[in-house]
$ cat entry.txt   # compact mmCIF, C-alpha atoms and all ligand atoms
# COMPACT_ATOMS: atom_id res chain seq x y z
CA MET T 1 0.00 0.00 0.00
CA PRO T 2 1.70 3.26 -1.06
CA ASP T 3 1.64 6.11 1.45
CA LEU T 4 -1.32 8.20 0.22
CA ARG T 5 0.26 11.37 1.56
CA HIS T 6 3.35 11.03 -0.61
CA PRO T 7 3.75 14.38 -2.44
CA LEU T 8 4.55 12.76 -5.79
CA LEU T 9 1.46 10.56 -5.55
CA LEU T 10 -0.70 13.58 -4.70
CA ALA T 11 0.77 15.54 -7.61
CA GLY T 12 0.12 12.57 -9.89
CA LEU T 13 -3.47 12.21 -8.69
CA SER T 14 -4.18 15.88 -9.23
CA LEU T 15 -3.10 15.47 -12.86
CA VAL T 16 -5.39 12.49 -13.37
CA LEU T 17 -8.35 14.09 -11.62
CA PRO T 18 -8.50 17.74 -12.73
CA GLY T 19 -10.87 19.76 -10.55
CA THR T 20 -13.10 20.58 -13.48
CA ALA T 21 -13.94 16.92 -14.05
CA LEU T 22 -15.39 16.66 -10.55
CA ALA T 23 -17.22 19.97 -10.52
CA LEU T 24 -20.98 20.10 -10.86
CA PRO T 25 -22.17 22.21 -13.79
CA TRP T 26 -23.31 25.11 -11.59
CA ASP T 27 -20.15 25.18 -9.46
CA VAL T 28 -17.63 27.99 -9.75
CA ASP T 29 -14.22 26.43 -10.12
CA MET T 30 -12.03 27.19 -7.14
CA VAL T 31 -9.00 27.27 -9.42
CA ASP T 32 -10.52 30.29 -11.17
CA SER T 33 -11.31 32.23 -8.01
CA PRO T 34 -8.85 34.50 -6.18
CA ALA T 35 -7.16 32.91 -3.16
CA ALA T 36 -6.05 34.73 0.01
CA ARG T 37 -3.30 33.18 2.13
CA GLY T 38 -3.39 34.34 5.74
CA TYR T 39 0.34 34.40 6.38
CA ALA T 40 1.64 35.62 3.05
CA CYS T 41 2.56 39.31 2.73
CA TRP T 42 -0.65 41.08 1.82
CA GLU T 43 1.13 44.36 1.43
CA GLU T 44 4.86 44.81 0.92
CA GLY T 45 7.21 47.55 -0.25
CA LYS T 46 9.89 49.92 1.01
CA ASP T 47 9.40 52.31 3.94
CA ASP T 48 10.75 55.89 4.17
CA GLN T 49 14.22 54.66 5.14
CA GLY T 50 14.31 52.29 2.19
CA ASN T 51 13.84 49.15 4.34
CA HIS T 52 11.74 46.36 2.94
CA TYR T 53 8.53 45.74 4.85
CA CYS T 54 5.90 43.03 4.63
CA LYS T 55 2.49 43.10 6.33
CA ARG T 56 1.40 39.66 7.47
CA GLY T 57 -1.39 38.26 9.59
CA MET T 58 -5.02 39.32 9.53
CA GLN T 59 -5.74 41.17 6.33
CA PRO T 60 -8.85 43.09 5.37
CA LEU T 61 -11.35 40.70 3.78
CA PRO T 62 -11.81 41.18 0.05
CA GLU T 63 -15.18 42.79 -0.72
CA GLY T 64 -18.03 40.32 -1.15
CA VAL T 65 -16.52 37.62 1.06
CA VAL T 66 -19.10 35.87 3.25
CA ALA T 67 -18.63 33.78 6.37
CA GLN T 68 -19.04 30.11 5.59
CA GLN T 69 -20.67 27.53 7.78
CA HIS T 70 -17.69 25.46 8.72
CA ILE T 71 -16.75 23.37 11.72
CA LEU T 72 -14.02 25.90 12.56
CA SER T 73 -15.94 29.14 12.00
CA PRO T 74 -18.83 30.54 14.02
CA SER T 75 -22.05 30.06 12.09
CA ALA T 76 -23.49 33.16 10.49
CA LEU T 77 -26.95 31.61 10.62
CA LYS T 78 -29.38 32.92 13.24
CA THR T 79 -32.41 30.83 12.30
CA PRO T 80 -32.13 27.40 13.91
CA GLU T 81 -31.56 24.36 11.71
CA LEU T 82 -34.79 22.34 11.59
CA PRO T 83 -35.28 18.73 10.47
CA LYS T 84 -35.53 18.84 6.67
CA ASP T 85 -38.77 16.88 6.48
CA ASP T 86 -40.64 18.65 9.28
CA LEU T 87 -42.52 21.04 6.99
CA GLN T 88 -44.78 22.29 9.77
CA ALA T 89 -41.76 23.42 11.76
CA TRP T 90 -40.50 25.40 8.75
CA ASP T 91 -44.03 26.80 8.17
CA ALA T 92 -43.95 28.23 11.68
CA LEU T 93 -40.85 30.34 10.96
CA GLN T 94 -41.46 34.05 10.61
CA ASN T 95 -39.49 36.10 8.12
CA PRO T 96 -37.51 38.46 10.41
CA LEU T 97 -37.13 41.10 7.67
CA ASP T 98 -39.46 43.89 6.56
CA SER T 99 -39.96 44.57 2.87
CA SER T 100 -37.96 47.80 2.78
CA PRO T 101 -36.34 48.84 -0.52
CA GLN T 102 -32.95 47.81 0.91
CA VAL T 103 -34.12 44.31 1.76
CA LEU T 104 -35.80 43.92 -1.64
CA ALA T 105 -32.67 45.14 -3.43
CA LYS T 106 -30.54 42.66 -1.52
CA GLY T 107 -33.01 39.86 -2.20
CA GLU T 108 -33.12 40.66 -5.90
CA ARG T 109 -29.33 40.63 -6.11
CA MET T 110 -29.09 37.29 -4.30
CA PHE T 111 -31.87 35.85 -6.46
CA GLN T 112 -30.03 36.94 -9.61
CA ILE T 113 -26.84 35.26 -8.43
CA TYR T 114 -28.13 32.05 -6.86
CA CYS T 115 -31.58 31.28 -8.26
CA THR T 116 -31.73 32.45 -11.89
CA PRO T 117 -29.21 29.88 -13.22
CA CYS T 118 -31.85 27.19 -12.65
CA HIS T 119 -35.19 28.94 -12.18
CA GLY T 120 -34.75 31.66 -14.81
CA VAL T 121 -34.64 35.47 -14.94
CA PRO T 122 -37.72 37.51 -13.95
CA ASP T 123 -38.86 40.21 -16.41
CA SER T 124 -39.78 43.73 -15.31
CA GLU T 125 -43.22 42.52 -14.20
CA GLY T 126 -41.80 39.76 -12.05
CA LYS T 127 -42.79 37.01 -14.48
CA ILE T 128 -40.33 34.27 -15.35
CA GLU T 129 -40.92 33.01 -18.91
CA HIS T 130 -38.06 30.53 -19.23
CA LEU T 131 -36.12 28.31 -16.87
CA GLY T 132 -32.41 29.04 -16.55
CA THR T 133 -29.49 27.58 -18.49
CA VAL T 134 -28.76 24.89 -15.89
CA ALA T 135 -32.28 23.54 -16.49
CA GLN T 136 -31.65 23.00 -20.21
CA PRO T 137 -31.79 19.41 -21.53
CA GLY T 138 -28.72 17.37 -20.62
CA ARG T 139 -28.02 19.44 -17.53
CA MET T 140 -29.96 19.41 -14.27
CA PRO T 141 -33.31 17.58 -14.57
CA GLY T 142 -36.43 18.42 -12.61
CA VAL T 143 -36.14 22.21 -12.29
CA ILE T 144 -39.61 23.69 -11.81
CA ALA T 145 -41.20 27.09 -12.44
CA LEU T 146 -41.34 29.45 -9.47
CA THR T 147 -43.98 31.75 -11.01
CA GLY T 148 -46.95 31.49 -13.37
CA ASP T 149 -50.00 29.20 -13.20
CA ASP T 150 -48.02 26.19 -11.96
CA GLY T 151 -45.48 28.32 -10.09
CA VAL T 152 -44.41 26.63 -6.91
CA LEU T 153 -43.96 29.88 -4.96
CA GLN T 154 -47.70 30.51 -4.63
CA GLY T 155 -48.15 27.31 -2.61
CA ARG T 156 -45.21 27.69 -0.26
CA SER T 157 -45.09 29.53 3.06
CA ASP T 158 -42.20 31.91 3.72
CA GLY T 159 -40.66 29.25 5.93
CA GLN T 160 -40.76 26.68 3.15
CA VAL T 161 -39.13 28.99 0.62
CA TYR T 162 -36.45 29.66 3.24
CA ARG T 163 -36.19 25.90 3.74
CA ALA T 164 -35.50 25.28 0.04
CA ILE T 165 -32.64 27.80 0.13
CA ARG T 166 -31.28 26.71 3.51
CA VAL T 167 -31.36 22.90 3.21
CA GLY T 168 -32.37 22.28 -0.40
CA ASN T 169 -35.11 19.91 -1.51
CA ALA T 170 -35.19 16.56 -3.33
CA ILE T 171 -32.95 17.70 -6.21
CA MET T 172 -32.32 21.34 -5.45
CA PRO T 173 -29.01 21.86 -3.65
CA SER T 174 -28.84 23.97 -0.48
CA TYR T 175 -27.30 27.44 -0.51
CA ASN T 176 -26.63 27.96 3.19
CA TRP T 177 -22.89 27.83 2.50
CA ALA T 178 -23.14 30.87 0.26
CA MET T 179 -25.27 33.31 2.18
CA THR T 180 -25.93 34.79 5.57
CA ASP T 181 -29.30 34.22 7.19
CA ASP T 182 -30.47 37.72 6.28
CA GLU T 183 -29.49 37.17 2.67
CA MET T 184 -31.56 33.99 2.52
CA TRP T 185 -34.55 35.71 4.10
CA SER T 186 -34.14 38.69 1.75
CA ILE T 187 -34.66 36.28 -1.15
CA VAL T 188 -37.88 35.11 0.52
CA THR T 189 -39.03 38.75 0.84
CA TYR T 190 -38.10 39.50 -2.76
CA SER T 191 -39.75 36.31 -4.05
CA ARG T 192 -43.10 37.65 -2.80
CA THR T 193 -42.90 40.50 -5.32
CA LEU T 194 -42.60 38.06 -8.24
CA ASP T 195 -45.71 37.35 -10.31
CA GLN T 196 -46.82 40.88 -9.38
CA GLY T 197 -47.16 39.73 -5.81
CA ALA T 198 -49.69 37.01 -6.71
CA TYR T 199 -48.78 35.07 -3.61
CA VAL T 200 -51.50 34.85 -0.98
CA PRO T 201 -50.19 33.55 2.33
CA PRO T 202 -51.97 30.42 3.51
CA LYS T 203 -54.35 30.97 6.44
CA PRO T 204 -52.82 30.07 9.78
CA PRO T 205 -54.31 26.83 11.17
CA GLU T 206 -57.49 27.26 13.26
CA PRO T 207 -56.62 27.29 16.94
CA GLU T 208 -57.41 24.00 18.71
CA PRO T 209 -60.79 24.20 20.52
CA ALA T 210 -59.88 24.98 24.09
CA ASP T 211 -61.20 22.10 26.15
CA ASP T 212 -58.93 22.82 29.10
CA GLU T 213 -61.48 25.46 30.21
CA GLU T 214 -63.97 22.67 30.87
CA GLU T 215 -61.32 20.76 32.74
CA ALA T 216 -60.69 23.81 34.87
CA GLU T 217 -64.37 23.94 35.84
CA GLU T 218 -64.42 20.33 36.94
C1 LIG T 301 -29.00 24.03 -9.35
C2 LIG T 301 -30.36 24.35 -9.72
C3 LIG T 301 -31.18 25.14 -8.73
C4 LIG T 301 -30.89 26.35 -8.16
C5 LIG T 301 -29.65 27.18 -8.38
C6 LIG T 301 -32.02 26.72 -7.38
N1 LIG T 301 -32.97 25.75 -7.44
FE1 LIG T 301 -34.79 25.81 -6.57
N2 LIG T 301 -35.23 23.99 -7.33
C7 LIG T 301 -34.42 23.27 -8.17
C8 LIG T 301 -35.09 22.03 -8.52
C9 LIG T 301 -34.52 20.96 -9.43
C10 LIG T 301 -36.33 22.04 -7.88
C11 LIG T 301 -37.45 21.01 -7.98
C12 LIG T 301 -37.07 19.70 -7.41
C13 LIG T 301 -36.87 19.82 -5.93
O1 LIG T 301 -37.79 20.35 -5.26
O2 LIG T 301 -35.79 19.45 -5.47
C14 LIG T 301 -36.37 23.29 -7.11
C15 LIG T 301 -37.43 23.65 -6.29
C16 LIG T 301 -37.53 24.86 -5.62
C17 LIG T 301 -38.62 25.24 -4.74
C18 LIG T 301 -39.80 24.36 -4.33
C19 LIG T 301 -39.37 23.53 -3.15
C20 LIG T 301 -40.55 22.84 -2.51
O3 LIG T 301 -40.87 23.17 -1.37
O4 LIG T 301 -41.15 21.99 -3.18
C21 LIG T 301 -38.38 26.51 -4.32
C22 LIG T 301 -39.24 27.34 -3.40
C23 LIG T 301 -37.12 26.91 -4.92
N3 LIG T 301 -36.64 25.88 -5.69
C24 LIG T 301 -36.54 28.14 -4.72
C25 LIG T 301 -35.24 28.46 -5.11
C26 LIG T 301 -34.57 29.67 -4.74
C27 LIG T 301 -35.20 30.80 -3.95
C28 LIG T 301 -33.32 29.60 -5.27
C29 LIG T 301 -32.19 30.58 -5.11
C30 LIG T 301 -31.63 30.64 -3.78
C31 LIG T 301 -33.22 28.33 -5.97
N4 LIG T 301 -34.40 27.67 -5.84
C32 LIG T 301 -32.08 27.90 -6.64
C33 LIG T 301 -33.18 23.61 -8.61
C34 LIG T 301 -32.51 24.76 -8.27
$ encode --input "entry.txt" --output "structure tokens"
Amino acid sequence: MPDLRHPLLLAGLSLVLPGTALALPWDVDMVDSPAARGYACWEEGKDDQGNHYCKRGMQPLPEGVVAQQHILSPSALKTPELPKDDLQAWDALQNPLDSSPQVLAKGERMFQIYCTPCHGVPDSEGKIEHLGTVAQPGRMPGVIALTGDDGVLQGRSDGQVYRAIRVGNAIMPSYNWAMTDDEMWSIVTYSRTLDQGAYVPPKPPEPEPADDEEEAEE
């Protein structure tokens, strides 16, 4: 058994298995994205006396960087993780955001980045005519319309739309690694403006008839 950590073996393997061959069609290749190394010089040059200097250690985060949910980093998610199949528990979640222009703008931006590749681009009236490029034949099967007569958004509570983003569904992947909690909820808020706001929230369940009053009388 060769030692799997041998550098030559690793180098050989990385030639046989290029990252692109393993990537899913909607993934951004890590090799193409900028990398930041914590202990490299992030700024270097010569000071007034002509001495070379190198700034190491914590560097300012590049713009657009988000905290990832990782075993070593504190979670950016405020909404508790619920069991994926407990739809009633997700239904009970309240969207913590208002529908201010800022929230809607953030939601629209996130939707453009993370949802349109599969579900398609909304027009100026919030209608989506075509599914996105990832839903084309030969790519990801099973992508469904969010808006229109069969649009799935009209039948889902806020909590369930949040659920799809947070933990994914049968085929849809989750996006909790990519966004903060507020960003996920902002998509929920924005999604309610699609289809010219055709969504009508489902009525909350009737309260259980209170029979403990009778018990109290006994
Ligand atoms: C990689 C493709 C893909 C992306 C990107 C994607 N979805 Fe989906 N989505 C699907 C597929 C496929 C389904 C239908 C099958 C399923 O439910 O898994 C679906 C279903 C859904 C549903 C219905 C889930 C349910 O309760 O039945 C909602 C809501 C939804 N997507 C919202 C979103 C939102 C919001 C985004 C952006 C954060 C998004 N999707 C991004 C593929 C995608």
$ closest_atom_pairs --input "entry.txt" --of "chain T" --to "ligand LIG 301 (chain T)" --cutoff "7 Å" --atoms "all atoms listed in the file" --output "JSON lines"
{"residue": "T:Trp26", "atom": "CA", "partner": "T:LIG301", "partner_atom": "C1", "distance": 6.2}
{"residue": "T:Phe111", "atom": "CA", "partner": "T:LIG301", "partner_atom": "C29", "distance": 5.4}
{"residue": "T:Tyr114", "atom": "CA", "partner": "T:LIG301", "partner_atom": "C29", "distance": 4.7}
{"residue": "T:Cys115", "atom": "CA", "partner": "T:LIG301", "partner_atom": "C29", "distance": 3.3}
{"residue": "T:Thr116", "atom": "CA", "partner": "T:LIG301", "partner_atom": "C5", "distance": 6.7}
{"residue": "T:Pro117", "atom": "CA", "partner": "T:LIG301", "partner_atom": "C5", "distance": 5.6}
{"residue": "T:Cys118", "atom": "CA", "partner": "T:LIG301", "partner_atom": "C2", "distance": 4.3}
{"residue": "T:His119", "atom": "CA", "partner": "T:LIG301", "partner_atom": "N1", "distance": 6.1}
{"residue": "T:Val134", "atom": "CA", "partner": "T:LIG301", "partner_atom": "C2", "distance": 6.4}
{"residue": "T:Met140", "atom": "CA", "partner": "T:LIG301", "partner_atom": "C2", "distance": 6.7}
{"residue": "T:Pro141", "atom": "CA", "partner": "T:LIG301", "partner_atom": "C9", "distance": 6.3}
{"residue": "T:Gly142", "atom": "CA", "partner": "T:LIG301", "partner_atom": "C9", "distance": 4.5}
{"residue": "T:Val143", "atom": "CA", "partner": "T:LIG301", "partner_atom": "C9", "distance": 3.5}
{"residue": "T:Ile144", "atom": "CA", "partner": "T:LIG301", "partner_atom": "C11", "distance": 5.1}
{"residue": "T:Leu146", "atom": "CA", "partner": "T:LIG301", "partner_atom": "C21", "distance": 6.6}
{"residue": "T:Val152", "atom": "CA", "partner": "T:LIG301", "partner_atom": "C18", "distance": 5.7}
{"residue": "T:Leu153", "atom": "CA", "partner": "T:LIG301", "partner_atom": "C22", "distance": 5.6}
{"residue": "T:Arg156", "atom": "CA", "partner": "T:LIG301", "partner_atom": "O3", "distance": 6.4}
{"residue": "T:Gln160", "atom": "CA", "partner": "T:LIG301", "partner_atom": "O3", "distance": 5.7}
{"residue": "T:Val161", "atom": "CA", "partner": "T:LIG301", "partner_atom": "C22", "distance": 4.3}
{"residue": "T:Ala164", "atom": "CA", "partner": "T:LIG301", "partner_atom": "C19", "distance": 5.3}
{"residue": "T:Ile165", "atom": "CA", "partner": "T:LIG301", "partner_atom": "C30", "distance": 4.9}
{"residue": "T:Gly168", "atom": "CA", "partner": "T:LIG301", "partner_atom": "O2", "distance": 6.7}
{"residue": "T:Asn169", "atom": "CA", "partner": "T:LIG301", "partner_atom": "O2", "distance": 4.0}
{"residue": "T:Ala170", "atom": "CA", "partner": "T:LIG301", "partner_atom": "O2", "distance": 3.6}
{"residue": "T:Ile171", "atom": "CA", "partner": "T:LIG301", "partner_atom": "O2", "distance": 3.4}
{"residue": "T:Met172", "atom": "CA", "partner": "T:LIG301", "partner_atom": "C7", "distance": 3.9}
{"residue": "T:Pro173", "atom": "CA", "partner": "T:LIG301", "partner_atom": "C1", "distance": 6.1}
{"residue": "T:Tyr175", "atom": "CA", "partner": "T:LIG301", "partner_atom": "C30", "distance": 6.3}
{"residue": "T:Ile187", "atom": "CA", "partner": "T:LIG301", "partner_atom": "C27", "distance": 6.2}
{"residue": "T:Val188", "atom": "CA", "partner": "T:LIG301", "partner_atom": "C27", "distance": 6.8}
$ axis_aligned_box --input "entry.txt" --around "stretch 94-111 of chain T" --padding-each-side "6 Å" --output "JSON"
{"center_x": -35.3, "center_y": 41.4, "center_z": 2.1, "size_x": 24.4, "size_y": 26.8, "size_z": 29.1}
$ atom_distance --input "entry.txt" --atom1 "atom CA of T:Gly107" --atom2 "atom CA of T:Thr189"
6.8 Å
$ residues_around --input "entry.txt" --residues "T:Lys78" --least-positions-apart "3" --cutoff "9 Å" --atoms "all atoms listed in the file" --output "ChimeraX atom specification"
/T:75,81,180-182
$ residues_around --input "entry.txt" --residues "T:Gln196" --least-positions-apart "6" --cutoff "9 Å" --atoms "all atoms listed in the file" --output "PyMOL selection string"
chain T and resi 125-127
$ closest_residue --input "entry.txt" --among "T:Pro209, T:Gly151, T:Pro101, T:Pro122" --to "T:Ser186" --atoms "all atoms listed in the file"
T:Pro101
$ closest_residue --input "entry.txt" --among "T:Gly57, T:Gly148, T:Gly138, T:Gly159" --to "T:Asp86" --atoms "all atoms listed in the file"
T:Gly159
